[in-house]
file target_26.pdb (PDB, N, CA and C atoms)
ATOM      1  N   MET A   1     -13.171  41.165 -58.262
ATOM      2  CA  MET A   1     -13.601  40.461 -57.051
ATOM      3  C   MET A   1     -15.100  40.237 -57.080
ATOM      4  N   ASN A   2     -15.596  39.836 -58.221
ATOM      5  CA  ASN A   2     -17.028  39.588 -58.344
ATOM      6  C   ASN A   2     -17.262  38.091 -58.505
ATOM      7  N   ASN A   3     -16.796  37.313 -57.566
ATOM      8  CA  ASN A   3     -16.941  35.866 -57.651
ATOM      9  C   ASN A   3     -17.919  35.350 -56.598
ATOM     10  N   PHE A   4     -19.065  35.996 -56.522
ATOM     11  CA  PHE A   4     -20.109  35.562 -55.599
ATOM     12  C   PHE A   4     -20.783  34.316 -56.161
ATOM     13  N   THR A   5     -21.127  33.403 -55.285
ATOM     14  CA  THR A   5     -21.848  32.211 -55.704
ATOM     15  C   THR A   5     -23.323  32.552 -55.910
ATOM     16  N   PHE A   6     -24.024  31.638 -56.546
ATOM     17  CA  PHE A   6     -25.463  31.778 -56.739
ATOM     18  C   PHE A   6     -26.158  31.972 -55.394
ATOM     19  N   GLU A   7     -25.783  31.177 -54.402
ATOM     20  CA  GLU A   7     -26.400  31.245 -53.079
ATOM     21  C   GLU A   7     -26.087  32.573 -52.383
ATOM     22  N   GLU A   8     -24.847  33.063 -52.535
ATOM     23  CA  GLU A   8     -24.490  34.349 -51.935
ATOM     24  C   GLU A   8     -25.294  35.491 -52.558
ATOM     25  N   ILE A   9     -25.440  35.463 -53.878
ATOM     26  CA  ILE A   9     -26.220  36.504 -54.557
ATOM     27  C   ILE A   9     -27.657  36.503 -54.053
ATOM     28  N   ASN A  10     -28.272  35.332 -53.953
ATOM     29  CA  ASN A  10     -29.647  35.274 -53.463
ATOM     30  C   ASN A  10     -29.757  35.750 -52.018
ATOM     31  N   LEU A  11     -28.798  35.389 -51.173
ATOM     32  CA  LEU A  11     -28.790  35.867 -49.786
ATOM     33  C   LEU A  11     -28.686  37.390 -49.754
ATOM     34  N   MET A  12     -27.800  37.940 -50.561
ATOM     35  CA  MET A  12     -27.634  39.393 -50.592
ATOM     36  C   MET A  12     -28.884  40.082 -51.120
ATOM     37  N   CYS A  13     -29.574  39.466 -52.071
ATOM     38  CA  CYS A  13     -30.826  40.042 -52.585
ATOM     39  C   CYS A  13     -31.876  40.150 -51.480
ATOM     40  N   ILE A  14     -31.936  39.150 -50.640
ATOM     41  CA  ILE A  14     -32.918  39.138 -49.551
ATOM     42  C   ILE A  14     -32.656  40.267 -48.563
ATOM     43  N   TYR A  15     -31.387  40.530 -48.264
ATOM     44  CA  TYR A  15     -31.047  41.503 -47.230
ATOM     45  C   TYR A  15     -30.640  42.868 -47.767
ATOM     46  N   ASN A  16     -30.642  43.056 -49.073
ATOM     47  CA  ASN A  16     -30.284  44.338 -49.662
ATOM     48  C   ASN A  16     -31.513  45.237 -49.668
ATOM     49  N   SER A  17     -31.539  46.217 -48.790
ATOM     50  CA  SER A  17     -32.682  47.120 -48.694
ATOM     51  C   SER A  17     -32.181  48.528 -48.385
ATOM     52  N   GLY A  18     -33.077  49.379 -48.023
ATOM     53  CA  GLY A  18     -32.687  50.757 -47.729
ATOM     54  C   GLY A  18     -32.196  51.430 -48.994
ATOM     55  N   ASP A  19     -31.060  52.102 -48.892
ATOM     56  CA  ASP A  19     -30.469  52.762 -50.049
ATOM     57  C   ASP A  19     -29.713  51.793 -50.939
ATOM     58  N   GLY A  20     -29.572  50.557 -50.468
ATOM     59  CA  GLY A  20     -28.881  49.558 -51.264
ATOM     60  C   GLY A  20     -27.380  49.739 -51.316
ATOM     61  N   THR A  21     -26.814  50.311 -50.259
ATOM     62  CA  THR A  21     -25.371  50.501 -50.239
ATOM     63  C   THR A  21     -24.669  49.239 -49.725
ATOM     64  N   ARG A  22     -23.411  49.138 -50.057
ATOM     65  CA  ARG A  22     -22.603  48.014 -49.602
ATOM     66  C   ARG A  22     -22.565  47.967 -48.079
ATOM     67  N   GLN A  23     -22.363  49.113 -47.446
ATOM     68  CA  GLN A  23     -22.276  49.165 -45.988
ATOM     69  C   GLN A  23     -23.588  48.745 -45.332
ATOM     70  N   GLU A  24     -24.716  49.165 -45.878
ATOM     71  CA  GLU A  24     -26.016  48.758 -45.318
ATOM     72  C   GLU A  24     -26.218  47.256 -45.440
ATOM     73  N   LEU A  25     -25.771  46.683 -46.554
ATOM     74  CA  LEU A  25     -25.903  45.239 -46.737
ATOM     75  C   LEU A  25     -25.005  44.494 -45.755
ATOM     76  N   ILE A  26     -23.798  44.987 -45.554
ATOM     77  CA  ILE A  26     -22.892  44.386 -44.571
ATOM     78  C   ILE A  26     -23.519  44.431 -43.187
ATOM     79  N   GLU A  27     -24.106  45.564 -42.826
ATOM     80  CA  GLU A  27     -24.743  45.702 -41.517
ATOM     81  C   GLU A  27     -25.942  44.766 -41.379
ATOM     82  N   ALA A  28     -26.755  44.640 -42.423
ATOM     83  CA  ALA A  28     -27.933  43.769 -42.373
ATOM     84  C   ALA A  28     -27.522  42.303 -42.243
ATOM     85  N   LEU A  29     -26.516  41.891 -42.996
ATOM     86  CA  LEU A  29     -26.049  40.504 -42.907
ATOM     87  C   LEU A  29     -25.407  40.222 -41.555
ATOM     88  N   THR A  30     -24.673  41.186 -41.035
ATOM     89  CA  THR A  30     -24.049  41.027 -39.722
ATOM     90  C   THR A  30     -25.109  40.896 -38.635
ATOM     91  N   GLU A  31     -26.155  41.716 -38.722
ATOM     92  CA  GLU A  31     -27.243  41.626 -37.743
ATOM     93  C   GLU A  31     -27.945  40.274 -37.834
ATOM     94  N   MET A  32     -28.255  39.845 -39.063
ATOM     95  CA  MET A  32     -28.917  38.560 -39.258
ATOM     96  C   MET A  32     -28.065  37.428 -38.708
ATOM     97  N   ARG A  33     -26.768  37.515 -38.919
ATOM     98  CA  ARG A  33     -25.849  36.481 -38.460
ATOM     99  C   ARG A  33     -25.915  36.304 -36.950
ATOM    100  N   GLY A  34     -26.164  37.389 -36.242
ATOM    101  CA  GLY A  34     -26.259  37.346 -34.791
ATOM    102  C   GLY A  34     -27.444  36.542 -34.280
ATOM    103  N   TYR A  35     -28.427  36.327 -35.122
ATOM    104  CA  TYR A  35     -29.601  35.554 -34.732
ATOM    105  C   TYR A  35     -29.475  34.064 -35.049
ATOM    106  N   LEU A  36     -28.421  33.698 -35.747
ATOM    107  CA  LEU A  36     -28.256  32.300 -36.140
ATOM    108  C   LEU A  36     -27.718  31.471 -34.982
ATOM    109  N   GLY A  37     -28.187  30.249 -34.906
ATOM    110  CA  GLY A  37     -27.700  29.326 -33.891
ATOM    111  C   GLY A  37     -26.463  28.601 -34.387
ATOM    112  N   THR A  38     -25.731  28.020 -33.461
ATOM    113  CA  THR A  38     -24.500  27.321 -33.823
ATOM    114  C   THR A  38     -24.774  26.102 -34.697
ATOM    115  N   ASP A  39     -25.998  25.597 -34.674
ATOM    116  CA  ASP A  39     -26.346  24.444 -35.497
ATOM    117  C   ASP A  39     -26.668  24.828 -36.945
ATOM    118  N   GLU A  40     -26.730  26.109 -37.239
ATOM    119  CA  GLU A  40     -27.027  26.574 -38.594
ATOM    120  C   GLU A  40     -25.730  26.840 -39.359
ATOM    121  N   THR A  41     -24.906  25.809 -39.406
ATOM    122  CA  THR A  41     -23.551  25.957 -39.940
ATOM    123  C   THR A  41     -23.525  26.357 -41.414
ATOM    124  N   GLU A  42     -24.421  25.811 -42.214
ATOM    125  CA  GLU A  42     -24.409  26.132 -43.640
ATOM    126  C   GLU A  42     -24.714  27.608 -43.880
ATOM    127  N   LEU A  43     -25.716  28.138 -43.189
ATOM    128  CA  LEU A  43     -26.066  29.547 -43.348
ATOM    129  C   LEU A  43     -24.992  30.450 -42.732
ATOM    130  N   LEU A  44     -24.395  30.027 -41.636
ATOM    131  CA  LEU A  44     -23.285  30.788 -41.046
ATOM    132  C   LEU A  44     -22.125  30.893 -42.032
ATOM    133  N   GLU A  45     -21.768  29.779 -42.647
ATOM    134  CA  GLU A  45     -20.659  29.775 -43.599
ATOM    135  C   GLU A  45     -20.983  30.619 -44.824
ATOM    136  N   LEU A  46     -22.201  30.523 -45.316
ATOM    137  CA  LEU A  46     -22.627  31.306 -46.471
ATOM    138  C   LEU A  46     -22.573  32.797 -46.155
ATOM    139  N   THR A  47     -23.079  33.166 -44.992
ATOM    140  CA  THR A  47     -23.082  34.571 -44.581
ATOM    141  C   THR A  47     -21.663  35.084 -44.397
ATOM    142  N   ASP A  48     -20.817  34.300 -43.744
ATOM    143  CA  ASP A  48     -19.420  34.714 -43.532
ATOM    144  C   ASP A  48     -18.694  34.899 -44.859
ATOM    145  N   SER A  49     -18.954  34.010 -45.805
ATOM    146  CA  SER A  49     -18.309  34.103 -47.109
ATOM    147  C   SER A  49     -18.758  35.368 -47.845
ATOM    148  N   ALA A  50     -20.050  35.632 -47.836
ATOM    149  CA  ALA A  50     -20.573  36.835 -48.486
ATOM    150  C   ALA A  50     -20.036  38.095 -47.816
ATOM    151  N   LEU A  51     -19.991  38.101 -46.489
ATOM    152  CA  LEU A  51     -19.470  39.262 -45.760
ATOM    153  C   LEU A  51     -17.998  39.517 -46.078
ATOM    154  N   ALA A  52     -17.218  38.463 -46.180
ATOM    155  CA  ALA A  52     -15.795  38.620 -46.491
ATOM    156  C   ALA A  52     -15.615  39.236 -47.882
ATOM    157  N   LYS A  53     -16.386  38.772 -48.828
ATOM    158  CA  LYS A  53     -16.285  39.293 -50.193
ATOM    159  C   LYS A  53     -16.784  40.729 -50.274
ATOM    160  N   LEU A  54     -17.873  41.030 -49.571
ATOM    161  CA  LEU A  54     -18.389  42.398 -49.558
ATOM    162  C   LEU A  54     -17.401  43.355 -48.909
ATOM    163  N   SER A  55     -16.760  42.915 -47.845
ATOM    164  CA  SER A  55     -15.794  43.763 -47.143
ATOM    165  C   SER A  55     -14.560  44.035 -47.988
ATOM    166  N   ALA A  56     -14.219  43.095 -48.860
ATOM    167  CA  ALA A  56     -13.010  43.231 -49.669
ATOM    168  C   ALA A  56     -13.225  44.065 -50.929
ATOM    169  N   MET A  57     -14.474  44.316 -51.300
ATOM    170  CA  MET A  57     -14.716  45.040 -52.540
ATOM    171  C   MET A  57     -14.953  46.526 -52.284
ATOM    172  N   THR A  58     -14.872  47.307 -53.324
ATOM    173  CA  THR A  58     -15.108  48.749 -53.217
ATOM    174  C   THR A  58     -16.595  49.050 -53.398
ATOM    175  N   ASP A  59     -16.985  50.244 -53.000
ATOM    176  CA  ASP A  59     -18.368  50.677 -53.213
ATOM    177  C   ASP A  59     -18.683  50.748 -54.707
ATOM    178  N   GLU A  60     -17.693  51.128 -55.514
ATOM    179  CA  GLU A  60     -17.890  51.224 -56.956
ATOM    180  C   GLU A  60     -18.156  49.846 -57.561
ATOM    181  N   ALA A  61     -17.392  48.855 -57.131
ATOM    182  CA  ALA A  61     -17.598  47.492 -57.629
ATOM    183  C   ALA A  61     -18.951  46.962 -57.169
ATOM    184  N   PHE A  62     -19.344  47.292 -55.946
ATOM    185  CA  PHE A  62     -20.648  46.861 -55.433
ATOM    186  C   PHE A  62     -21.780  47.465 -56.258
ATOM    187  N   ALA A  63     -21.639  48.725 -56.639
ATOM    188  CA  ALA A  63     -22.675  49.408 -57.415
ATOM    189  C   ALA A  63     -22.891  48.737 -58.770
ATOM    190  N   GLU A  64     -21.897  48.028 -59.260
ATOM    191  CA  GLU A  64     -22.014  47.346 -60.551
ATOM    192  C   GLU A  64     -22.679  45.976 -60.452
ATOM    193  N   LEU A  65     -22.852  45.469 -59.233
ATOM    194  CA  LEU A  65     -23.500  44.166 -59.057
ATOM    195  C   LEU A  65     -24.974  44.255 -59.428
ATOM    196  N   GLU A  66     -25.456  43.206 -60.027
ATOM    197  CA  GLU A  66     -26.884  43.103 -60.315
ATOM    198  C   GLU A  66     -27.489  42.179 -59.273
ATOM    199  N   LEU A  67     -28.080  42.772 -58.250
ATOM    200  CA  LEU A  67     -28.621  41.989 -57.151
ATOM    201  C   LEU A  67     -30.105  41.706 -57.372
ATOM    202  N   TYR A  68     -30.343  40.774 -58.268
ATOM    203  CA  TYR A  68     -31.692  40.322 -58.559
ATOM    204  C   TYR A  68     -31.714  38.804 -58.351
ATOM    205  N   PRO A  69     -32.621  38.312 -57.540
ATOM    206  CA  PRO A  69     -32.649  36.860 -57.300
ATOM    207  C   PRO A  69     -33.000  36.089 -58.560
ATOM    208  N   ASP A  70     -32.353  34.957 -58.739
ATOM    209  CA  ASP A  70     -32.623  34.083 -59.865
ATOM    210  C   ASP A  70     -33.117  32.769 -59.313
ATOM    211  N   PHE A  71     -34.419  32.678 -59.100
ATOM    212  CA  PHE A  71     -35.000  31.503 -58.484
ATOM    213  C   PHE A  71     -35.160  30.340 -59.458
ATOM    214  N   ASP A  72     -34.892  30.597 -60.759
ATOM    215  CA  ASP A  72     -35.035  29.540 -61.761
ATOM    216  C   ASP A  72     -33.791  28.675 -61.889
ATOM    217  N   GLU A  73     -32.635  29.190 -61.438
ATOM    218  CA  GLU A  73     -31.398  28.430 -61.537
ATOM    219  C   GLU A  73     -31.444  27.268 -60.554
ATOM    220  N   VAL A  74     -30.894  26.141 -60.953
ATOM    221  CA  VAL A  74     -30.894  24.953 -60.086
ATOM    222  C   VAL A  74     -29.596  24.791 -59.365
TER     223      VAL A  74
END

call {"tool": "encode", "arguments": {"input": "target_26.pdb", "output": "structure tokens"}}
result
Amino acid sequence: MNNFTFEEINLMCIYNSGDGTRQELIEALTEMRGYLGTDETELLELTDSALAKLSAMTDEAFAELELYPDFDEV
């Protein structure tokens, strides 16, 4: 279940802090989502997609993710 998009990985890199656990990232993305307006549909959809994938994976699978932003990819 490691089919995150480029955009999802970069979003998760931005909000992955603290101890870097899956649960902390879910909480950070959920909090951020609460600040989004209804007109921010693209970011809402991106966040919802990342949250769904994070919720479906195990902590072990999350620990194997390499959450480093790749700003060079187009």

call {"tool": "residues_near_point", "arguments": {"input": "target_26.pdb", "point": "(-16.5, 34.5, -47.4)", "cutoff": "12 Å", "atoms": "only C-alpha atoms", "output": "ChimeraX atom specification"}}
result
/A:1,3-5,7-8,43-57

call {"tool": "write_last_selection", "arguments": {"input": "target_26.pdb", "atoms": "N, CA and C atoms", "output": "compact mmCIF listing (two decimals), in the frame of the given file"}}
result
# COMPACT_ATOMS: atom_id res chain seq x y z
N MET A 1 -13.17 41.16 -58.26
CA MET A 1 -13.60 40.46 -57.05
C MET A 1 -15.10 40.24 -57.08
N ASN A 3 -16.80 37.31 -57.57
CA ASN A 3 -16.94 35.87 -57.65
C ASN A 3 -17.92 35.35 -56.60
N PHE A 4 -19.07 36.00 -56.52
CA PHE A 4 -20.11 35.56 -55.60
C PHE A 4 -20.78 34.32 -56.16
N THR A 5 -21.13 33.40 -55.28
CA THR A 5 -21.85 32.21 -55.70
C THR A 5 -23.32 32.55 -55.91
N GLU A 7 -25.78 31.18 -54.40
CA GLU A 7 -26.40 31.24 -53.08
C GLU A 7 -26.09 32.57 -52.38
N GLU A 8 -24.85 33.06 -52.54
CA GLU A 8 -24.49 34.35 -51.94
C GLU A 8 -25.29 35.49 -52.56
N LEU A 43 -25.72 28.14 -43.19
CA LEU A 43 -26.07 29.55 -43.35
C LEU A 43 -24.99 30.45 -42.73
N LEU A 44 -24.40 30.03 -41.64
CA LEU A 44 -23.28 30.79 -41.05
C LEU A 44 -22.12 30.89 -42.03
N GLU A 45 -21.77 29.78 -42.65
CA GLU A 45 -20.66 29.78 -43.60
C GLU A 45 -20.98 30.62 -44.82
N LEU A 46 -22.20 30.52 -45.32
CA LEU A 46 -22.63 31.31 -46.47
C LEU A 46 -22.57 32.80 -46.16
N THR A 47 -23.08 33.17 -44.99
CA THR A 47 -23.08 34.57 -44.58
C THR A 47 -21.66 35.08 -44.40
N ASP A 48 -20.82 34.30 -43.74
CA ASP A 48 -19.42 34.71 -43.53
C ASP A 48 -18.69 34.90 -44.86
N SER A 49 -18.95 34.01 -45.80
CA SER A 49 -18.31 34.10 -47.11
C SER A 49 -18.76 35.37 -47.84
N ALA A 50 -20.05 35.63 -47.84
CA ALA A 50 -20.57 36.84 -48.49
C ALA A 50 -20.04 38.10 -47.82
N LEU A 51 -19.99 38.10 -46.49
CA LEU A 51 -19.47 39.26 -45.76
C LEU A 51 -18.00 39.52 -46.08
N ALA A 52 -17.22 38.46 -46.18
CA ALA A 52 -15.80 38.62 -46.49
C ALA A 52 -15.62 39.24 -47.88
N LYS A 53 -16.39 38.77 -48.83
CA LYS A 53 -16.28 39.29 -50.19
C LYS A 53 -16.78 40.73 -50.27
N LEU A 54 -17.87 41.03 -49.57
CA LEU A 54 -18.39 42.40 -49.56
C LEU A 54 -17.40 43.36 -48.91
N SER A 55 -16.76 42.92 -47.84
CA SER A 55 -15.79 43.76 -47.14
C SER A 55 -14.56 44.04 -47.99
N ALA A 56 -14.22 43.10 -48.86
CA ALA A 56 -13.01 43.23 -49.67
C ALA A 56 -13.22 44.06 -50.93
N MET A 57 -14.47 44.32 -51.30
CA MET A 57 -14.72 45.04 -52.54
C MET A 57 -14.95 46.53 -52.28

call {"tool": "resolve_selection", "arguments": {"input": "target_26.pdb", "expression": "the PyMOL selection byres (((chain A and resi 25 and name CA) around 10) and name CA)", "output": "list in words"}}
result
Met12, Cys13, Ile14, Tyr15, Asn16, Ser17, Gly18, Asp19, Gly20, Thr21, Arg22, Gln23, Glu24, Ile26, Glu27, Ala28, Leu29, Thr30, Glu31, Leu51 and Leu54 of chain A

call {"tool": "atom_distance", "arguments": {"input": "target_26.pdb", "atom1": "atom CA of A:Arg33", "atom2": "atom CA of A:Ile9"}}
result
16.1 Å

call {"tool": "select_by_dssp", "arguments": {"input": "target_26.pdb", "residues": "stretch 2-66 of chain A", "states": "alpha helix (DSSP H)", "output": "ChimeraX atom specification"}}
result
/A:6-15,22-34,41-56,59-63

call {"tool": "atom_distance", "arguments": {"input": "target_26.pdb", "atom1": "atom CA of A:Thr38", "atom2": "atom CA of A:Leu11"}}
result
18.6 Å

call {"tool": "atom_distance", "arguments": {"input": "target_26.pdb", "atom1": "atom N of A:Met32", "atom2": "atom CA of A:Leu65"}}
result
21.0 Å
